[in-house]
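> My file is target-v5.txt. It has compact mmCIF, C-alpha atoms:
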# COMPACT_ATOMS: atom_id res chain seq x y z
CA MET A 685 -18.23 -13.86 -5.85
CA ASN A 686 -16.73 -12.46 -8.98
CA THR A 687 -14.36 -14.95 -10.55
CA GLU A 688 -14.62 -18.64 -11.29
CA ALA A 689 -11.56 -19.22 -9.10
CA GLU A 690 -13.30 -17.51 -6.15
CA LYS A 691 -16.43 -19.59 -6.67
CA ARG A 692 -14.45 -22.85 -6.79
CA SER A 693 -12.45 -21.76 -3.75
CA LEU A 694 -15.62 -21.04 -1.77
CA LEU A 695 -17.06 -24.43 -2.63
CA LEU A 696 -13.78 -26.21 -1.98
CA GLU A 697 -13.61 -24.68 1.50
CA MET A 698 -17.15 -25.91 2.13
CA ILE A 699 -16.24 -29.42 0.94
CA MET A 700 -13.20 -29.51 3.22
CA PHE A 701 -15.33 -28.37 6.14
CA ALA A 702 -18.08 -30.90 5.39
CA THR A 703 -15.59 -33.73 5.65
CA VAL A 704 -13.83 -32.52 8.83
CA ASP A 705 -15.75 -35.12 10.86
CA GLY A 706 -14.51 -37.90 8.55
CA HIS A 707 -17.88 -38.42 6.86
CA LEU A 708 -19.86 -36.68 4.13
CA HIS A 709 -23.56 -37.09 4.89
CA LYS A 710 -26.00 -37.18 1.95
CA ARG A 711 -27.69 -33.98 3.19
CA GLU A 712 -24.32 -32.25 3.28
CA HIS A 713 -23.60 -33.42 -0.27
CA ASP A 714 -27.02 -32.21 -1.43
CA PHE A 715 -26.47 -28.82 0.25
CA LEU A 716 -23.05 -28.49 -1.42
CA LYS A 717 -24.55 -29.44 -4.78
CA LEU A 718 -27.22 -26.75 -4.35
CA VAL A 719 -24.55 -24.13 -3.57
CA ALA A 720 -22.58 -25.26 -6.64
CA LEU A 721 -25.68 -24.88 -8.78
CA GLU A 722 -26.28 -21.36 -7.45
CA LEU A 723 -22.65 -20.47 -8.19
CA GLY A 724 -22.98 -21.76 -11.75
CA ILE A 725 -20.61 -24.70 -11.25
CA ASN A 726 -21.64 -27.71 -13.33
CA ASN A 727 -21.91 -31.22 -11.87
CA GLU A 728 -18.69 -32.50 -13.45
CA GLU A 729 -16.65 -29.62 -12.04
CA PHE A 730 -18.44 -30.01 -8.69
CA GLN A 731 -17.51 -33.69 -8.45
CA ASP A 732 -13.92 -32.87 -9.45
CA LEU A 733 -13.59 -30.51 -6.46
CA PHE A 734 -13.77 -33.52 -4.12
CA HIS A 735 -10.39 -34.62 -5.51
CA GLN A 736 -8.59 -31.28 -5.34
CA GLU A 737 -6.45 -29.75 -2.68
CA MET A 738 -5.83 -26.05 -2.92
CA LYS A 739 -5.69 -23.20 -0.47
CA PRO A 740 -8.93 -21.19 -0.37
CA ILE A 741 -8.75 -17.65 -1.74
CA ALA A 742 -9.20 -15.05 1.00
CA LEU A 743 -12.48 -13.18 0.72
CA LYS A 744 -11.95 -9.45 0.63
CA SER A 745 -15.16 -7.92 1.93
CA GLU A 746 -16.54 -8.51 5.40
CA MET A 747 -19.97 -9.23 3.88
CA GLN A 748 -18.51 -12.07 1.79
CA ARG A 749 -16.74 -13.51 4.85
CA ILE A 750 -19.91 -13.35 6.96
CA ASN A 751 -21.90 -15.01 4.16
CA GLN A 752 -19.31 -17.77 3.85
CA PHE A 753 -19.26 -18.31 7.62
CA TYR A 754 -23.07 -18.59 7.61
CA ARG A 755 -23.00 -21.08 4.71
CA LEU A 756 -20.52 -23.18 6.66
CA ALA A 757 -22.69 -22.96 9.78
CA LEU A 758 -25.74 -24.13 7.80
CA LEU A 759 -23.68 -26.94 6.35
CA MET A 760 -22.54 -27.93 9.84
CA HIS A 761 -26.17 -28.33 10.93
CA CYS A 762 -27.67 -29.93 7.83
CA ASP A 763 -26.82 -33.53 8.76
CA GLY A 764 -28.50 -33.13 12.15
CA VAL A 765 -25.33 -34.07 14.07
CA LEU A 766 -23.03 -31.48 15.63
CA HIS A 767 -19.53 -32.88 15.96
CA GLU A 768 -17.01 -31.27 18.29
CA ARG A 769 -14.48 -31.24 15.42
CA GLU A 770 -16.92 -29.24 13.28
CA PHE A 771 -17.55 -26.78 16.09
CA LYS A 772 -13.82 -26.20 16.63
CA ALA A 773 -13.11 -26.06 12.89
CA ILE A 774 -15.78 -23.45 12.16
CA GLN A 775 -14.47 -21.22 14.94
CA GLN A 776 -10.92 -21.52 13.58
CA ILE A 777 -12.09 -20.75 10.04
CA ALA A 778 -14.01 -17.71 11.32
CA LEU A 779 -10.91 -16.46 13.15
CA GLU A 780 -8.82 -16.91 10.01
CA MET A 781 -11.46 -14.91 8.13
CA GLY A 782 -11.01 -12.10 10.64
CA LEU A 783 -14.51 -12.42 12.11
CA ASN A 784 -15.20 -11.59 15.73
CA LEU A 785 -15.22 -14.78 17.81
CA SER A 786 -17.85 -13.43 20.21
CA ALA A 787 -20.25 -12.79 17.31
CA VAL A 788 -19.45 -16.20 15.83
CA LYS A 789 -20.25 -17.97 19.10
CA ARG A 790 -23.51 -16.01 19.45
CA ILE A 791 -24.60 -16.97 15.94
CA LEU A 792 -23.75 -20.64 16.50
CA GLU A 793 -25.69 -20.65 19.79
CA MET A 794 -28.71 -19.01 18.12
CA MET A 795 -28.61 -21.58 15.32
CA LYS A 796 -28.46 -24.42 17.83
CA LYS A 797 -31.60 -23.10 19.57
CA SER A 798 -33.50 -22.29 16.37
CA PRO A 799 -35.95 -25.00 15.24
CA ASN A 800 -34.60 -24.91 11.66
CA THR A 801 -31.12 -23.39 12.31
CA VAL A 802 -31.94 -20.42 10.05
CA ILE A 803 -31.26 -16.89 11.27
CA ASN A 804 -32.79 -13.78 9.80
CA PRO A 805 -30.10 -12.09 7.64
CA ILE A 806 -30.77 -8.73 9.31
CA VAL A 807 -30.19 -10.24 12.76
CA LEU A 808 -27.03 -11.95 11.48
CA MET A 809 -25.61 -8.65 10.23
CA GLU A 810 -26.66 -6.78 13.38
CA ILE A 811 -24.76 -9.22 15.57
CA PHE A 812 -21.57 -8.66 13.60
CA GLN A 813 -22.18 -4.88 13.45
CA GLU A 814 -22.52 -4.72 17.26
CA GLN A 815 -18.92 -5.84 17.51
CA HIS A 816 -17.77 -2.75 15.57
CA ASN A 817 -19.15 -0.38 18.17
Produce structure tokens that represent the structure in this file.


Amino acid sequence: MNTEAEKRSLLLEMIMFATVDGHLHKREHDFLKLVALELGINNEEFQDLFHQEMKPIALKSEMQRINQFYRLALLMHCDGVLHEREFKAIQQIALEMGLNLSAVKRILEMMKKSPNTVINPIVLMEIFQEQHN
């Protein structure tokens, strides 16, 4: 992430995704707040994002898109409840990002089976790289 607008856009997309099931769980809010902190977005600006509607800025590099997809997948799992709307929404977002749907489904299945939903970053990248061959 280079610009402030890109950072806000990334976080705004995550906020929109977190509320796709009609509820923002405390763990989801805490996760979003942690991401905001890592992006250098202060608490006032973070809270303001919950009242904004703007189209997310398209991420240019595949690495950025994969990272954003993975953040969304972690967010999807952090409340401990997997809603069908979240599952459909994350697949649609991944498609719009230009990510391979087969790789996306594999990652989501691995996360579901993992005891803590975390996937080794090397494995994550390998799964997406396999689709290029």

> Which residue gives the smallest distance to Glu768 of chain A among A:Glu688, A:Asp705, A:Glu722, A:Glu737, with all atoms listed in the file counted?

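Of A:Glu688, A:Asp705, A:Glu722, A:Glu737, the one nearest Glu768 of chain A is A:Asp705, counting all atoms listed in the file.
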
> So, with all atoms listed in the file as the atoms that count, which of A:Gly724, A:Gly782, A:Pro805, A:Gly764 lies closest to Leu695 of chain A?

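Closest candidate: A:Gly724.
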
> What does the distance from atom CA of Glu690 of chain A to atom CA of Ala742 of chain A come to in Å, to one decimal?

8.6 Å

> For Met698 of chain A, which residue out of A:Gln731, A:Leu721, A:Lys739, A:Leu759 is the nearest one, using all atoms listed in the file?

A:Leu759

> Quote the spacing between atom CA of Thr703 of chain A and atom CA of Glu729 of chain A in Å to one decimal place.

18.2 Å

> Nearest to Ile741 of chain A among A:Met781, A:His816, A:Glu793, A:Glu810, with distances taken over all atoms listed in the file: which residue is it?

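Selected residue with least distance to Ile741 of chain A: A:Met781.
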
> I want to know what sits within 12 Å of Ala787 of chain A, based on all atoms listed in the file, with residues of the same chain fewer than 2 positions away left out; could you give that as a PDB file with C-alpha atoms, in the frame of the given file?


ATOM      1  CA  ILE A 750     -19.910 -13.350   6.960  1.00  0.00           C
ATOM      2  CA  PHE A 753     -19.260 -18.310   7.620  1.00  0.00           C
ATOM      3  CA  TYR A 754     -23.070 -18.590   7.610  1.00  0.00           C
ATOM      4  CA  GLN A 775     -14.470 -21.220  14.940  1.00  0.00           C
ATOM      5  CA  ALA A 778     -14.010 -17.710  11.320  1.00  0.00           C
ATOM      6  CA  LEU A 779     -10.910 -16.460  13.150  1.00  0.00           C
ATOM      7  CA  GLY A 782     -11.010 -12.100  10.640  1.00  0.00           C
ATOM      8  CA  LEU A 783     -14.510 -12.420  12.110  1.00  0.00           C
ATOM      9  CA  ASN A 784     -15.200 -11.590  15.730  1.00  0.00           C
ATOM     10  CA  LEU A 785     -15.220 -14.780  17.810  1.00  0.00           C
ATOM     11  CA  LYS A 789     -20.250 -17.970  19.100  1.00  0.00           C
ATOM     12  CA  ARG A 790     -23.510 -16.010  19.450  1.00  0.00           C
ATOM     13  CA  ILE A 791     -24.600 -16.970  15.940  1.00  0.00           C
ATOM     14  CA  LEU A 792     -23.750 -20.640  16.500  1.00  0.00           C
ATOM     15  CA  GLU A 793     -25.690 -20.650  19.790  1.00  0.00           C
ATOM     16  CA  MET A 794     -28.710 -19.010  18.120  1.00  0.00           C
ATOM     17  CA  VAL A 807     -30.190 -10.240  12.760  1.00  0.00           C
ATOM     18  CA  LEU A 808     -27.030 -11.950  11.480  1.00  0.00           C
ATOM     19  CA  MET A 809     -25.610  -8.650  10.230  1.00  0.00           C
ATOM     20  CA  GLU A 810     -26.660  -6.780  13.380  1.00  0.00           C
ATOM     21  CA  ILE A 811     -24.760  -9.220  15.570  1.00  0.00           C
ATOM     22  CA  PHE A 812     -21.570  -8.660  13.600  1.00  0.00           C
ATOM     23  CA  GLN A 813     -22.180  -4.880  13.450  1.00  0.00           C
ATOM     24  CA  GLU A 814     -22.520  -4.720  17.260  1.00  0.00           C
ATOM     25  CA  GLN A 815     -18.920  -5.840  17.510  1.00  0.00           C
ATOM     26  CA  HIS A 816     -17.770  -2.750  15.570  1.00  0.00           C
TER      27      HIS A 816
END

> For segment 772-788 of chain A, what centre and edge lengths in Å (one decimal) does the axis-aligned box get once 3 Å is added on each side of all its listed atoms, as AutoDock Vina command-line options?


--center_x -14.5 --center_y -18.9 --center_z 14.2 --size_x 17.4 --size_y 20.6 --size_z 18.1

> Separation of atom CA of His713 of chain A and atom CA of Lys691 of chain A, in Å?

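Taking atom CA of His713 of chain A and atom CA of Lys691 of chain A, their separation equals 16.8 Å.
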